[in-house]
Amino acid sequence: MNLFSFNYLSFQKCTLAQKYALALYIQTQTVFKKHSFFLLFFGLLIGLVLLGFAMTPYDPVETNFLNRLSSPSWKNWFGTDQMGRDIATRILYGAGWSVGLALIVSTAGAVIGMIIGLLAGSLGRFVDGFCMRMTDSFFAFPELIAAIVITGVLGPNTVNMVIALILVSWMRFARLVRALTGDIKQRDYVVQAKLNKLPYYLILSRHYLPNIILSVVVIWTSSWSRTILSISGLSFLGFGVQPPQAEWGAMLLDGKPYMLTAPHVMIFPGIAVLVTVLILNLMGDHFRDHLQSSEK
Amino acid sequence: MLEVNNLSVRLQDQTLLENINFKLSRGETLCIIGESGSGKTTLLRALLGLVPLSLGSVMLDRHVYQSPEQSQIGLPSTQIVMQDPIAALNPRQKIKRSIAESLYKSSLQAVEIDHAVLQALRDVELPESLENRYPAQISLGQAQRICIARAIVAKPDILFFDEPLSALDAIIQKQIAQLLDRLKKQNDLSYIFVTHDLGFARHYADRILLLNSGKVEEYQDVNLFFQGPESIYGQELLEAAYILGSLPQKKTEEFRVA
């Protein structure tokens, strides 16, 4: 079937599989048209995280003391660090740690927060009170300090850092989802669904979730970028990804003694953090604009 | 068919409805009128099981409920059409699915549900192509027709309306009122309207239930009520409506479908 010359009659003659394929094609095209900006940068980030290592001939942990602290050149685009490792390679590998771990943390936080927020907003006053007091008590601690304390208690390594960051990242989602759910609960279509005896899980999946998911995605992108900064901060303080792994914050920590003599050791990882956080914040803005326009 | 006896609703030490009694026969239309805060919507919500009743009983054919627990199950064979048609439809759900939700508890197969949805759209004089649209892609009048389609698709005996025309302009109000009249005759439905619009109540109702501060001031045949209410509150209400011009002096029949 030629997708570019179909009409209503030829659509009628299609098999069910062809109809689904056509619907998927049109849907994908619409999504690409609407969110080309978001998809381009999202694809770039995910591409870097998954395939960054294949784009460089160097090993991120292989040392070469004869070539230490060399300036950017055609051979080493971003120069080398104090152990002669290629900084560009370490940034590409580091994307997996910084962006990938932040993605895991922010997604896990979003899922936990959504579950707690949905339960608090849609069930009775007792569940709401319990969930929100728990959220308030987690909110009482400054995010990064709490993460440092948890990582310090559990032991400074990557897994513990991820656990600590998840524990301090879900509350924002819970608050947002609870507020949205509380509002949707009063809407006439939810009242109607209850009158029609729809089970709770169907009311959740058909009425609550589709109406809160876009707002959650907006917060999720900003949470993702903030988590990159948190991971870099924790690694910079020595609580996160441990040497010799290439993580952007850890690279900044490694380059600190050479800030004046070889500034490129800190500048390029810093730019990587800056650009990534900027892209994610722009993505969040794009989604917020889309959300506002779709609500009109 | 529907019989409400001594219905009372108390919430947090506040009496919202007290000793409400009325009956509704098959094919009859009852308009519940009264000022804001008189308990009209609370009565509707109590009948639907959204507010637990404290005392009294509600009987629909052989189904009776008389305790707070029983009342929360709600009455079978009843549906409601809300005031704001756009707010009554999930903005992220296609029209088809919104209508089909009323058939969730039915024993129909998926194909039969699809047919029932299309038939309901035809019944409310809407094109079938509308089933794949979202609420943002339809007009207010179409949205109200869809809410009516969602209500009638479940083949209820009684339809409740909470100010169904107040969000619509005059021409669409007339079209919807005529549509409701036709559907009532076609399906032998009974209607209970909650309305502020005395003109509409006069044209449309068979009986009037006048509420004031949660109590029944008057339960009367529509013609007798508009000829001269027995209660002082009813007289004041009609007088105010005549002075403001919201109620014509004479009843016209052209509103109804022949």
# chains A, B, ... in the order shown; residues from 1 in each chain; ligands from 1
call {"tool": "interface_residues", "arguments": {"of": "chain B", "to": "chain A", "cutoff": "6 Å", "atoms": "only C-alpha atoms", "output": "number ranges by chain"}}
result
B: 88-90, 102
call {"tool": "residues_around", "arguments": {"residues": "Met283 (chain A)", "least_positions_apart": "5", "cutoff": "12 Å", "atoms": "only C-alpha atoms", "output": "list in words"}}
result
His35, Ser36, Phe37, Phe38, Leu39, Leu40, Phe41, Phe42, Gly43, Leu45, Val217, Val218, Ile219, Trp220, Thr221, Ser222, Ser223, Trp224, Ser225, Thr276, Val277, Leu278, Arg288, Asp289 and His290 of chain A
call {"tool": "write_last_selection", "arguments": {"atoms": "C-alpha atoms", "output": "JSON list (two decimals), in the first residue's frame"}}
result
[["chain", "number", "residue", "atom", "x", "y", "z"],
["A", 35, "HIS", "CA", 7.64, 17.65, 19.09],
["A", 36, "SER", "CA", 10.49, 17.65, 16.54],
["A", 37, "PHE", "CA", 12.55, 19.94, 18.78],
["A", 38, "PHE", "CA", 12.14, 17.70, 21.81],
["A", 39, "LEU", "CA", 12.71, 14.48, 19.88],
["A", 40, "LEU", "CA", 15.88, 15.79, 18.21],
["A", 41, "PHE", "CA", 17.56, 16.63, 21.51],
["A", 42, "PHE", "CA", 16.17, 13.64, 23.29],
["A", 43, "GLY", "CA", 17.53, 11.41, 20.51],
["A", 45, "LEU", "CA", 21.13, 12.64, 24.47],
["A", 217, "VAL", "CA", 6.73, 15.03, 32.19],
["A", 218, "VAL", "CA", 7.39, 18.76, 32.59],
["A", 219, "ILE", "CA", 8.59, 18.25, 36.18],
["A", 220, "TRP", "CA", 10.41, 15.07, 35.14],
["A", 221, "THR", "CA", 12.64, 16.90, 32.63],
["A", 222, "SER", "CA", 13.58, 19.52, 35.21],
["A", 223, "SER", "CA", 14.14, 16.77, 37.78],
["A", 224, "TRP", "CA", 16.38, 14.99, 35.27],
["A", 225, "SER", "CA", 18.55, 18.08, 34.79],
["A", 276, "THR", "CA", 22.92, 18.95, 28.95],
["A", 277, "VAL", "CA", 21.10, 20.74, 31.76],
["A", 278, "LEU", "CA", 20.19, 23.55, 29.36],
["A", 288, "ARG", "CA", 5.09, 23.24, 29.54],
["A", 289, "ASP", "CA", 4.16, 25.38, 26.51],
["A", 290, "HIS", "CA", 2.53, 22.38, 24.86]]
call {"tool": "atom_distance", "arguments": {"atom1": "CA of Glu3 (chain B)", "atom2": "CA of Pro164 (chain B)"}}
result
23.2 Å
call {"tool": "residues_around", "arguments": {"residues": "Phe193 (chain B)", "least_positions_apart": "6", "cutoff": "10 Å", "atoms": "only C-alpha atoms", "output": "list in words"}}
result
Thr29, Leu30, Cys31, Ile32, Ile33, Lys40, Thr41, Leu44, Ile80, Val81, Leu159, Phe160, Phe161, Asp162, Glu163, Pro164, Phe200, Ala201, Tyr204, Ala205, Ile208 and Leu209 of chain B
call {"tool": "closest_residue", "arguments": {"among": "B:Gly34, B:Tyr65, B:Gly214, B:Ala46", "to": "His196 (chain B)", "atoms": "only C-alpha atoms"}}
result
B:Gly34
call {"tool": "residues_around", "arguments": {"residues": "region 105-114 of chain B", "least_positions_apart": "5", "cutoff": "12 Å", "atoms": "only C-alpha atoms", "output": "PyMOL selection string"}}
result
(chain A and resi 193-199) or (chain B and resi 76-77+95-100+119-121+128+131-132+150+153-156)
call {"tool": "residues_around", "arguments": {"residues": "region 11-23 of chain B", "least_positions_apart": "3", "cutoff": "12 Å", "atoms": "only C-alpha atoms", "output": "PyMOL selection string"}}
result
chain B and resi 1-8+26+28-32+37-47+51-61+68+190+192+206-221
call {"tool": "closest_residue", "arguments": {"among": "A:Gly182, A:Pro60, A:Pro244, A:Gly109", "to": "Ser169 (chain A)", "atoms": "only C-alpha atoms"}}
result
A:Gly109
call {"tool": "decode", "arguments": {"residues": "region 117-256 of chain B", "atoms": "C-alpha atoms", "output": "CSV table (one decimal), in the first residue's frame"}}
result
chain,number,residue,atom,x,y,z
B,117,VAL,CA,-22.5,3.9,20.8
B,118,LEU,CA,-23.2,4.6,17.1
B,119,GLN,CA,-26.9,4.2,17.7
B,120,ALA,CA,-26.8,6.6,20.6
B,121,LEU,CA,-25.0,9.2,18.4
B,122,ARG,CA,-27.7,8.8,15.8
B,123,ASP,CA,-30.4,9.1,18.5
B,124,VAL,CA,-29.1,12.5,19.5
B,125,GLU,CA,-28.8,13.5,15.9
B,126,LEU,CA,-25.0,13.6,15.7
B,127,PRO,CA,-22.9,12.2,12.9
B,128,GLU,CA,-21.2,8.9,13.6
B,129,SER,CA,-17.8,10.4,12.6
B,130,LEU,CA,-17.9,12.3,15.9
B,131,GLU,CA,-17.1,9.1,17.9
B,132,ASN,CA,-13.3,9.5,17.1
B,133,ARG,CA,-13.0,13.1,18.2
B,134,TYR,CA,-11.9,14.6,21.5
B,135,PRO,CA,-14.1,17.0,23.5
B,136,ALA,CA,-11.9,20.0,22.5
B,137,GLN,CA,-12.9,19.3,18.8
B,138,ILE,CA,-16.6,19.6,19.3
B,139,SER,CA,-19.0,22.5,20.1
B,140,LEU,CA,-20.8,23.0,23.4
B,141,GLY,CA,-24.2,22.0,21.9
B,142,GLN,CA,-22.6,18.8,20.5
B,143,ALA,CA,-21.0,18.1,23.8
B,144,GLN,CA,-24.4,18.3,25.6
B,145,ARG,CA,-25.8,15.9,23.0
B,146,ILE,CA,-23.0,13.5,23.6
B,147,CYS,CA,-23.6,13.7,27.4
B,148,ILE,CA,-27.3,12.8,26.6
B,149,ALA,CA,-26.1,10.0,24.3
B,150,ARG,CA,-23.9,8.7,27.1
B,151,ALA,CA,-26.9,8.7,29.4
B,152,ILE,CA,-29.4,7.1,27.1
B,153,VAL,CA,-27.0,4.4,25.8
B,154,ALA,CA,-27.4,2.5,29.0
B,155,LYS,CA,-31.2,2.5,28.5
B,156,PRO,CA,-32.1,3.9,31.9
B,157,ASP,CA,-35.6,4.3,33.3
B,158,ILE,CA,-34.9,7.7,34.9
B,159,LEU,CA,-32.7,10.4,33.6
B,160,PHE,CA,-31.5,13.1,36.0
B,161,PHE,CA,-30.5,16.5,34.7
B,162,ASP,CA,-28.5,19.1,36.7
B,163,GLU,CA,-29.2,22.4,35.0
B,164,PRO,CA,-28.7,20.8,31.6
B,165,LEU,CA,-29.4,24.0,29.5
B,166,SER,CA,-27.9,26.7,31.6
B,167,ALA,CA,-24.5,26.6,29.8
B,168,LEU,CA,-26.1,26.8,26.4
B,169,ASP,CA,-27.4,29.7,24.2
B,170,ALA,CA,-31.2,30.0,23.5
B,171,ILE,CA,-31.3,28.3,20.1
B,172,ILE,CA,-29.3,25.3,21.3
B,173,GLN,CA,-31.4,25.2,24.5
B,174,LYS,CA,-34.5,24.9,22.3
B,175,GLN,CA,-32.9,22.2,20.2
B,176,ILE,CA,-31.8,20.2,23.2
B,177,ALA,CA,-35.2,20.6,24.9
B,178,GLN,CA,-36.9,19.2,21.8
B,179,LEU,CA,-34.4,16.4,21.5
B,180,LEU,CA,-35.1,15.4,25.2
B,181,ASP,CA,-38.8,15.5,24.5
B,182,ARG,CA,-38.5,13.2,21.5
B,183,LEU,CA,-36.2,10.8,23.4
B,184,LYS,CA,-38.6,10.7,26.3
B,185,LYS,CA,-41.5,9.7,24.1
B,186,GLN,CA,-39.4,7.2,22.1
B,187,ASN,CA,-38.0,5.4,25.1
B,188,ASP,CA,-40.7,6.0,27.7
B,189,LEU,CA,-38.3,7.7,30.0
B,190,SER,CA,-38.9,9.7,33.2
B,191,TYR,CA,-37.0,12.9,33.8
B,192,ILE,CA,-35.9,14.7,36.9
B,193,PHE,CA,-34.6,18.1,36.3
B,194,VAL,CA,-32.8,20.4,38.7
B,195,THR,CA,-33.3,23.9,37.3
B,196,HIS,CA,-33.4,27.6,38.1
B,197,ASP,CA,-35.2,28.3,34.9
B,198,LEU,CA,-38.9,28.6,35.9
B,199,GLY,CA,-39.9,29.2,32.2
B,200,PHE,CA,-38.4,25.8,31.3
B,201,ALA,CA,-40.0,24.2,34.3
B,202,ARG,CA,-43.4,25.5,33.3
B,203,HIS,CA,-43.1,24.3,29.7
B,204,TYR,CA,-41.5,21.0,30.4
B,205,ALA,CA,-42.5,19.6,33.8
B,206,ASP,CA,-45.5,17.5,34.8
B,207,ARG,CA,-44.9,18.1,38.4
B,208,ILE,CA,-43.0,20.7,40.4
B,209,LEU,CA,-41.0,20.1,43.6
B,210,LEU,CA,-40.2,23.4,45.3
B,211,LEU,CA,-37.4,23.3,47.8
B,212,ASN,CA,-36.4,25.9,50.4
B,213,SER,CA,-33.6,25.4,53.0
B,214,GLY,CA,-33.6,21.6,52.4
B,215,LYS,CA,-37.4,21.2,52.9
B,216,VAL,CA,-40.2,20.7,50.5
B,217,GLU,CA,-42.3,23.9,50.2
B,218,GLU,CA,-44.6,22.6,47.6
B,219,TYR,CA,-45.0,19.4,45.5
B,220,GLN,CA,-47.6,20.2,43.0
B,221,ASP,CA,-49.0,19.6,39.5
B,222,VAL,CA,-47.2,22.1,37.1
B,223,ASN,CA,-50.4,23.8,36.0
B,224,LEU,CA,-51.7,24.2,39.5
B,225,PHE,CA,-48.4,25.5,40.7
B,226,PHE,CA,-48.1,28.2,38.0
B,227,GLN,CA,-51.8,29.2,38.4
B,228,GLY,CA,-51.2,30.0,42.0
B,229,PRO,CA,-48.7,28.4,44.4
B,230,GLU,CA,-50.0,27.5,47.8
B,231,SER,CA,-46.9,28.4,49.8
B,232,ILE,CA,-45.8,32.0,50.4
B,233,TYR,CA,-42.3,31.1,49.3
B,234,GLY,CA,-43.7,29.8,46.0
B,235,GLN,CA,-45.7,33.0,45.5
B,236,GLU,CA,-42.6,35.2,46.2
B,237,LEU,CA,-40.6,33.1,43.7
B,238,LEU,CA,-43.1,33.4,40.9
B,239,GLU,CA,-43.6,37.1,41.6
B,240,ALA,CA,-39.9,37.7,41.4
B,241,ALA,CA,-39.7,35.8,38.1
B,242,TYR,CA,-42.6,37.8,36.6
B,243,ILE,CA,-41.0,41.1,37.7
B,244,LEU,CA,-37.6,40.2,36.2
B,245,GLY,CA,-39.3,38.9,33.0
B,246,SER,CA,-37.7,35.5,33.3
B,247,LEU,CA,-41.1,33.8,33.2
B,248,PRO,CA,-43.6,34.5,30.5
B,249,GLN,CA,-47.2,35.2,31.6
B,250,LYS,CA,-48.6,32.5,29.3
B,251,LYS,CA,-47.4,29.0,28.5
B,252,THR,CA,-46.7,28.2,24.9
B,253,GLU,CA,-46.8,24.7,23.4
B,254,GLU,CA,-44.4,25.2,20.4
B,255,PHE,CA,-41.5,24.2,22.6
B,256,ARG,CA,-42.6,20.6,22.5
